[in-house]
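A.B. asks: Have a look at this one before I ask anything.
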Protein chains: 2
Amino acid sequence: MRLASLLLCLAVASPAIAQDQTTIPEAALETAAQLREQALADDTSWRVTESLTTEIGPRLPGSEADARAVAWAEAKFRALGFDRVWTEPVTFPRWVRNSESARVVGAHAQPLVVTALGGSPGGDVEAEIVRFADFAALEAAPDGSLAGRIAFMDFQMERTADGSGYGDAGPVRSRGPSVASSKGAVGYLMRSLGTSHARVANTGITRFAEGVEPIPAAALSLPDADQLNRLLERGPVTVSLSLDVGFDGEYTSHNVIGEITGSGGSDEFVVIASHLDSWDLGTGAIDDASGVGITMAAGHLIGQLEQRPRRSIRVIAFANEEQGLIGARQYAQRHADHIGLHLLAAESDFGAGRIYGFNTGAPEHARAATRQIAQALAPLGIEHMDDQGGPGPDIIPMVQAGVTWAWLGQDGTQYFDLHHNANDTLDKVDPQDLAQNTAAYVVLAYLAAEAEGDFGSAPRAGDDR
Amino acid sequence: MRLASLLLCLAVASPAIAQDQTTIPEAALETAAQLREQALADDTSWRVTESLTTEIGPRLPGSEADARAVAWAEAKFRALGFDRVWTEPVTFPRWVRNSESARVVGAHAQPLVVTALGGSPGGDVEAEIVRFADFAALEAAPDGSLAGRIAFMDFQMERTADGSGYGDAGPVRSRGPSVASSKGAVGYLMRSLGTSHARVANTGITRFAEGVEPIPAAALSLPDADQLNRLLERGPVTVSLSLDVGFDGEYTSHNVIGEITGSGGSDEFVVIASHLDSWDLGTGAIDDASGVGITMAAGHLIGQLEQRPRRSIRVIAFANEEQGLIGARQYAQRHADHIGLHLLAAESDFGAGRIYGFNTGAPEHARAATRQIAQALAPLGIEHMDDQGGPGPDIIPMVQAGVTWAWLGQDGTQYFDLHHNANDTLDKVDPQDLAQNTAAYVVLAYLAAEAEGDFGSAPRAGDDR
C-alpha cells in the first residue's frame, strides 16, 4: 500500500516543534559509504531469504508454519549477532483454507482456477454470474438486484512501477464481497488483482461490513476471467463455487524483534521492518521473505562494525501483516507510551526489485539530514524524490501514532505478477537486486542512528487516525 | 515429438518406384500465392481456436468434454463449408483425474505443487525421496535399492526452438515411473518437462512395462523441484503424495474428418491434421486447439475458391493423441488398405508459434515439387530446410505405413512454457502468428493437391514399424 498523499499530509500537519537542524556527522557518512560497498558484496540477505522460504515455506498467519517461522526468526537474529532478540505476542482470528474449486456448469462446462479470498466464509453456491467492470458499477447496482446471483468483478488492474495500480484497485477486493452481499449476491468472483497471465489466482484479505452476511468470495486467474468474458458473449453463465475455508478460533503469534544496541546510551532507535507471515499459495519469497532478508542483513552488517552506532537499530519482523497489519497495529498500541523513541521507521514490503527512490516524512528541521542520506544512497542509483513516498504498510500504525517514516521505493513493475499467488517463490528473487536493497537499508539505518538531532517523531496525543 | 532422423531414414529407404518427376503447374502456384495473402488477412484460424478453447475448454480423452468436442468439430467443419464431414470411432482405456496433492512432511513441512502423470494409478504414499539427475542414473540404480522410497527425477530439460529438449528428456516421463517401480520405488516425482518457472506442473502420459507394479507418479512444478533440491541439501526429505486418479473402463471417441472434395476425380487426398483432445489442466490452446484452427481454416479457405482443387484435402482432428497417438494409430489401421491414396500428410501440433522451416520426406522424384512449395512458402519467412523435419506425432503411424510426411516447423521456443500445464490458455496465442501458420498450411495443402505426380506414398507391405 502506498499512502503517499495521505501521509505527506500527516507529515506536514505534524506539530512543528522548534528545534535545531538535524545533521549527520562526516565520520558517519564515511562509515556508511563503507557499509554500502560491503553490503553490495554480501549475500546475507539472499541466504536469509533462501532459508525462510526453504525451511518454513508458506507462513499463513495462525498455521503451524507461523509458529515455526517465529522460532526461525528468533534463531536467525541470534545467529546473525543481534544484541537483543525478543518476541511480542500478536493475537488474531485464525483463518484457514482447506480446499477451493469452481467450474462453469451447463453447455460449456469446465473448471475454473480460483482461490478463496482471506476472510471469506466457506460455502457451496451455484448461480448465474453478473459482470461488473469496476467497483463503482457494483456500488451503483440497485439493492436486491443481485439476489441469487454471483457478482463477477472484472476490474483489470494496471501494471505500474510504484504499485499505484494496486492502490487504485483496492476496494475491489477489500470491500467488493461485502458490497455485493449487501445487494443480495450469494457469491463473489473477481479477476485477480495481478498482472500476470499465468493461470494462478491471487488471494488477499477481504472484510465484510458489520451486519452484512458474509458470502463465499474468490479470485479468478486472469485467463479464467478472460474466459468468463468470452462465455458471457455467448449467453448467461452459471458458475458453481465451492469453498472449504473460514475462521477457526483465535491464535497468538509474535512480532519478532532483533536489536543492534546503540553505544550512545540513548533510548531512541531506528526501525527497519518487514513482515514474517505470508499467504499460503507461494512461499512468500517477494512478500515478504526478501524484506526479512534485507532488513536482517542490514542490521547484521551494522552489528559487524567495530563500534556500535550511537543509537539502537531495531529490526522488526511483524506478524500477520496480510490480514490487516495486525502485528503492526498491536505493536503501535504496545509501544504507544514511548512512540517518540522511534527515530525513523521504514519497511521493506514491496518485493525484491531494485530501489530507485528515497524520501522521508521528516519535517523541515530534518530535511538536511534527509538530503545527506540521499547523497549516501545516490551511488546505488537511488534518487531523492522529495515529493514522493510514504510508509510501508506495517509502518502506518506507527506513523499514525507520530513516528516519522522513511521510504526506499522499489521497482514493483513485476511485483503483481507474483503478489499473493503461487508464483511467489525464491526463483523470482535476484540476489544482486537484494544486495542493492540491503545496501540502501544499511545506509539509511546507520545514518539515521548516527544523526545529530531527530526526524520529528513525537506522540500525536489524541490523534486516533 | 520430432523423429526427424528416424523418418529421413524411412524416406530414403522407401521403395524407389521409377516414375516421372512430380511438378506443380504454374496456374496452381498463382492461386497459392493468392490464397497465401488471403490467409494472412483472415481470422478463421483464430475464431476456430477461440471457439474450441472457450466453448469446450479442456478435452481430456474419455471425459464428457471429449464427446462435446467431437460434436463441436463436426459442426464446425460443416459451418466452414467442408464438402464431406464424418467421424471414425477410436476406442481406448479411460483415465481420470479426481484430485492430487503432495507435501513435504517433518521439520520443513510444506505443500508441493504436483500433477499426476496420465496413466498413473491412484494411491497414497509417504516416503523418503531419492534424487536422480537423469534417466541414466535411475537406470543405473541397483535392483531393490529404491525399496520403500519415492524416486525424485530431477532432469532439467533445455529450452530449444525445435523441441529437441523434449525429445532428449522423453524417457524421464514415459518410462521413469516404470523403471523406478522395477527397482522397488513406491512413488515417482519428477521435475516437470517444462521451461517455465510458473508454479504449475506439466502432466503427460507414462506407461508401466508388462509385469511392473504401477506406482503413483506425478510431476512437480520447477520451483517445487528446486525447493526439494534445497531441502535435500539440509538432510533427508520425506514427501507424502496422494493421487486420486486412474483408469476407469473403456471409452469410444472419434476422429473427426472434414473433406474438401477434389474436382479431378482422383481418389488421392492430402492430409492436414491436428488433434482434438487435450490435457485437462489448461484449455489446450497451443496443444492443440491452434492446430485445429490452422488446419480447419486452411481447408475452409481452399473450399472458398471458385474451383475445387484437383485432389481432395482431408482435414483430420484426431482423437486421443495425448495418451499415445491412439486416434492416429487406429486411423492408420483402418485405412491401411488404401494408404497410398494419402498423397502427403502434415500435422500442426507444436503450438502457435510462427513457422520457420519446411521440408517433406518425399523421395527424389518429388524433390522438385517440394522446392516449388518451398518457394511459395518463402514470402512467409519460411526456409526450405532440406535435411530437417519429420512428421507431426499423429502422422507417424501413417508414415510407418508408407505415407510421405510434410513438415512445417514452428518456433517452439515458448512451447514448453505452456505444454501440458494450466498455462496453456488462449491468451498465449497470437492471432497474427496463427494467420501465418494458416497461410503456410493453405499453400502446402493446395499445391500438393494440384501436383502432377505423387510424393512417394505407397504401402509398406510387411513393414510393421
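Identifiers for the C-alpha cells are assigned positionally: chains receive A, B, ... in sequence, residues are indexed from 1 per chain, and ligands are indexed from 1 in the order shown.
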Skipping near chain neighbours, those fewer than 6 positions away, what residues fall within 6 Å of stretch 312-318 of chain B using only C-alpha atoms, listed as a list in words?

C.D. replies: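 Near stretch 312-318 of chain B, the qualifying residues are Asn255, Val256, Ile257, Gly258, Glu259, Ile260, Thr261, Gly262, Phe269, Val270, Val271, Ile272, Ala273, Ser274, His275, Leu276 and Gly327 of chain B.
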
A.B. asks: Any chance you could tabulate, as JSON lines, the residues of chain A at most 8 Å from chain B with each one's nearest atom pair and distance in Å to one decimal, using only C-alpha atoms, in chain and rising number order?

C.D. replies:
```
{"residue": "A:Thr54", "atom": "CA", "partner": "B:Gln227", "partner_atom": "CA", "distance": 6.4}
{"residue": "A:Glu55", "atom": "CA", "partner": "B:His108", "partner_atom": "CA", "distance": 5.1}
{"residue": "A:Ile56", "atom": "CA", "partner": "B:His108", "partner_atom": "CA", "distance": 5.7}
{"residue": "A:Gly57", "atom": "CA", "partner": "B:Gln110", "partner_atom": "CA", "distance": 6.1}
{"residue": "A:Pro58", "atom": "CA", "partner": "B:Gln110", "partner_atom": "CA", "distance": 7.0}
{"residue": "A:Ala65", "atom": "CA", "partner": "B:Ala109", "partner_atom": "CA", "distance": 7.8}
{"residue": "A:Ala107", "atom": "CA", "partner": "B:Glu55", "partner_atom": "CA", "distance": 7.9}
{"residue": "A:His108", "atom": "CA", "partner": "B:Glu55", "partner_atom": "CA", "distance": 5.1}
{"residue": "A:Ala109", "atom": "CA", "partner": "B:Ile56", "partner_atom": "CA", "distance": 7.2}
{"residue": "A:Gln110", "atom": "CA", "partner": "B:Gly57", "partner_atom": "CA", "distance": 6.1}
{"residue": "A:His197", "atom": "CA", "partner": "B:Asp427", "partner_atom": "CA", "distance": 7.5}
{"residue": "A:Ala198", "atom": "CA", "partner": "B:Asn423", "partner_atom": "CA", "distance": 5.7}
{"residue": "A:Arg199", "atom": "CA", "partner": "B:Asn423", "partner_atom": "CA", "distance": 5.2}
{"residue": "A:Pro223", "atom": "CA", "partner": "B:Thr425", "partner_atom": "CA", "distance": 6.7}
{"residue": "A:Gln227", "atom": "CA", "partner": "B:Thr54", "partner_atom": "CA", "distance": 6.4}
{"residue": "A:Arg230", "atom": "CA", "partner": "B:Thr54", "partner_atom": "CA", "distance": 6.8}
{"residue": "A:Leu231", "atom": "CA", "partner": "B:Thr54", "partner_atom": "CA", "distance": 6.7}
{"residue": "A:Ala422", "atom": "CA", "partner": "B:Arg199", "partner_atom": "CA", "distance": 6.0}
{"residue": "A:Asn423", "atom": "CA", "partner": "B:Arg199", "partner_atom": "CA", "distance": 5.2}
{"residue": "A:Thr425", "atom": "CA", "partner": "B:Pro223", "partner_atom": "CA", "distance": 6.7}
{"residue": "A:Leu426", "atom": "CA", "partner": "B:Pro223", "partner_atom": "CA", "distance": 7.7}
{"residue": "A:Asp427", "atom": "CA", "partner": "B:Pro223", "partner_atom": "CA", "distance": 6.7}
```

A.B. asks: Could you work out how far atom CA of B:Gly353 lies from atom CA of B:Leu193, giving the answer in Å with one decimal?

C.D. replies: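 These two atoms are separated by 19.0 Å.
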
A.B. asks: Stretch 249-322 of chain A: which residues are alpha helix (DSSP H) by DSSP, as a list in words?

C.D. replies: Ser290, Gly291, Val292, Gly293, Ile294, Thr295, Met296, Ala297, Ala298, Gly299, His300, Leu301, Ile302 and Gly303 of chain A

A.B. asks: Interatomic distance between atom CA of A:His384 and atom CA of A:Arg371?

C.D. replies: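 A separation of 7.4 Å between them.
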
A.B. asks: Env of stretch 334-340 of chain A: 8 Å cut, atoms = only C-alpha atoms, seq-sep filter 5 positions within chain, self excluded. Answer as a PDB file with N, CA and C atoms, in the first residue's frame.

C.D. replies:
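Now in around-v1.pdb:
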```pdb
ATOM      1  N   GLU A 268      16.581   6.081  22.076  1.00  0.00           N
ATOM      2  CA  GLU A 268      15.995   6.160  20.741  1.00  0.00           C
ATOM      3  C   GLU A 268      16.513   5.024  19.846  1.00  0.00           C
ATOM      4  N   MET A 398       2.362   3.043  13.252  1.00  0.00           N
ATOM      5  CA  MET A 398       3.347   3.857  13.979  1.00  0.00           C
ATOM      6  C   MET A 398       3.281   5.307  13.527  1.00  0.00           C
ATOM      7  N   ALA A 401       0.665   7.145  14.932  1.00  0.00           N
ATOM      8  CA  ALA A 401       0.922   7.494  16.327  1.00  0.00           C
ATOM      9  C   ALA A 401       1.999   8.567  16.455  1.00  0.00           C
ATOM     10  N   GLY A 402       2.623   8.940  15.341  1.00  0.00           N
ATOM     11  CA  GLY A 402       3.569  10.050  15.396  1.00  0.00           C
ATOM     12  C   GLY A 402       4.976   9.777  14.913  1.00  0.00           C
ATOM     13  N   VAL A 403       5.254   8.545  14.507  1.00  0.00           N
ATOM     14  CA  VAL A 403       6.606   8.203  14.060  1.00  0.00           C
ATOM     15  C   VAL A 403       6.837   8.744  12.638  1.00  0.00           C
ATOM     16  N   SER A 457       9.793  12.533  14.987  1.00  0.00           N
ATOM     17  CA  SER A 457       8.848  11.616  15.641  1.00  0.00           C
ATOM     18  C   SER A 457       8.445  12.190  16.992  1.00  0.00           C
ATOM     19  N   ALA A 458       7.162  12.171  17.253  1.00  0.00           N
ATOM     20  CA  ALA A 458       6.651  12.676  18.528  1.00  0.00           C
ATOM     21  C   ALA A 458       5.225  12.162  18.683  1.00  0.00           C
ATOM     22  N   PRO A 459       4.793  11.938  19.913  1.00  0.00           N
ATOM     23  CA  PRO A 459       3.432  11.405  20.096  1.00  0.00           C
ATOM     24  C   PRO A 459       2.400  12.354  19.519  1.00  0.00           C
TER      25      PRO A 459
END
```

A.B. asks: One number please: atom CA of B:Gly211 to atom CA of B:Glu139, in Å, one decimal.

C.D. replies: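 One can read the atom CA of B:Gly211 to atom CA of B:Glu139 distance as 17.1 Å.
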
A.B. asks: Within 9 Å of B:Phe455, counting only C-alpha atoms, which residues qualify if same-chain residues fewer than 5 places away don't, as a VMD selection string?

C.D. replies: chain B and resid 22 343 to 344 360 to 363 365 to 367 369 to 370 403 to 405 448

A.B. asks: Please dump the current selection as a PDB file, in the first residue's frame; keep C-alpha atoms.

C.D. replies:
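This is the output file again13.pdb:
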```
ATOM      1  CA  THR B  22       6.447 -34.581 -59.813  1.00  0.00           C
ATOM      2  CA  LEU B 343      -0.589 -38.128 -51.125  1.00  0.00           C
ATOM      3  CA  LEU B 344       1.198 -36.173 -48.427  1.00  0.00           C
ATOM      4  CA  THR B 360       8.957 -33.169 -46.911  1.00  0.00           C
ATOM      5  CA  GLY B 361      10.034 -36.767 -46.694  1.00  0.00           C
ATOM      6  CA  ALA B 362       9.414 -37.141 -50.417  1.00  0.00           C
ATOM      7  CA  PRO B 363      11.783 -39.250 -52.493  1.00  0.00           C
ATOM      8  CA  HIS B 365      11.310 -37.751 -57.961  1.00  0.00           C
ATOM      9  CA  ALA B 366       9.255 -35.305 -55.870  1.00  0.00           C
ATOM     10  CA  ARG B 367      12.047 -33.072 -54.620  1.00  0.00           C
ATOM     11  CA  ALA B 369       7.777 -30.241 -56.258  1.00  0.00           C
ATOM     12  CA  THR B 370       8.970 -29.850 -52.677  1.00  0.00           C
ATOM     13  CA  VAL B 403       2.674 -42.151 -46.312  1.00  0.00           C
ATOM     14  CA  THR B 404       5.060 -39.302 -47.130  1.00  0.00           C
ATOM     15  CA  TRP B 405       5.246 -36.565 -44.498  1.00  0.00           C
ATOM     16  CA  ALA B 448       0.150 -30.817 -53.030  1.00  0.00           C
TER      17      ALA B 448
END
```
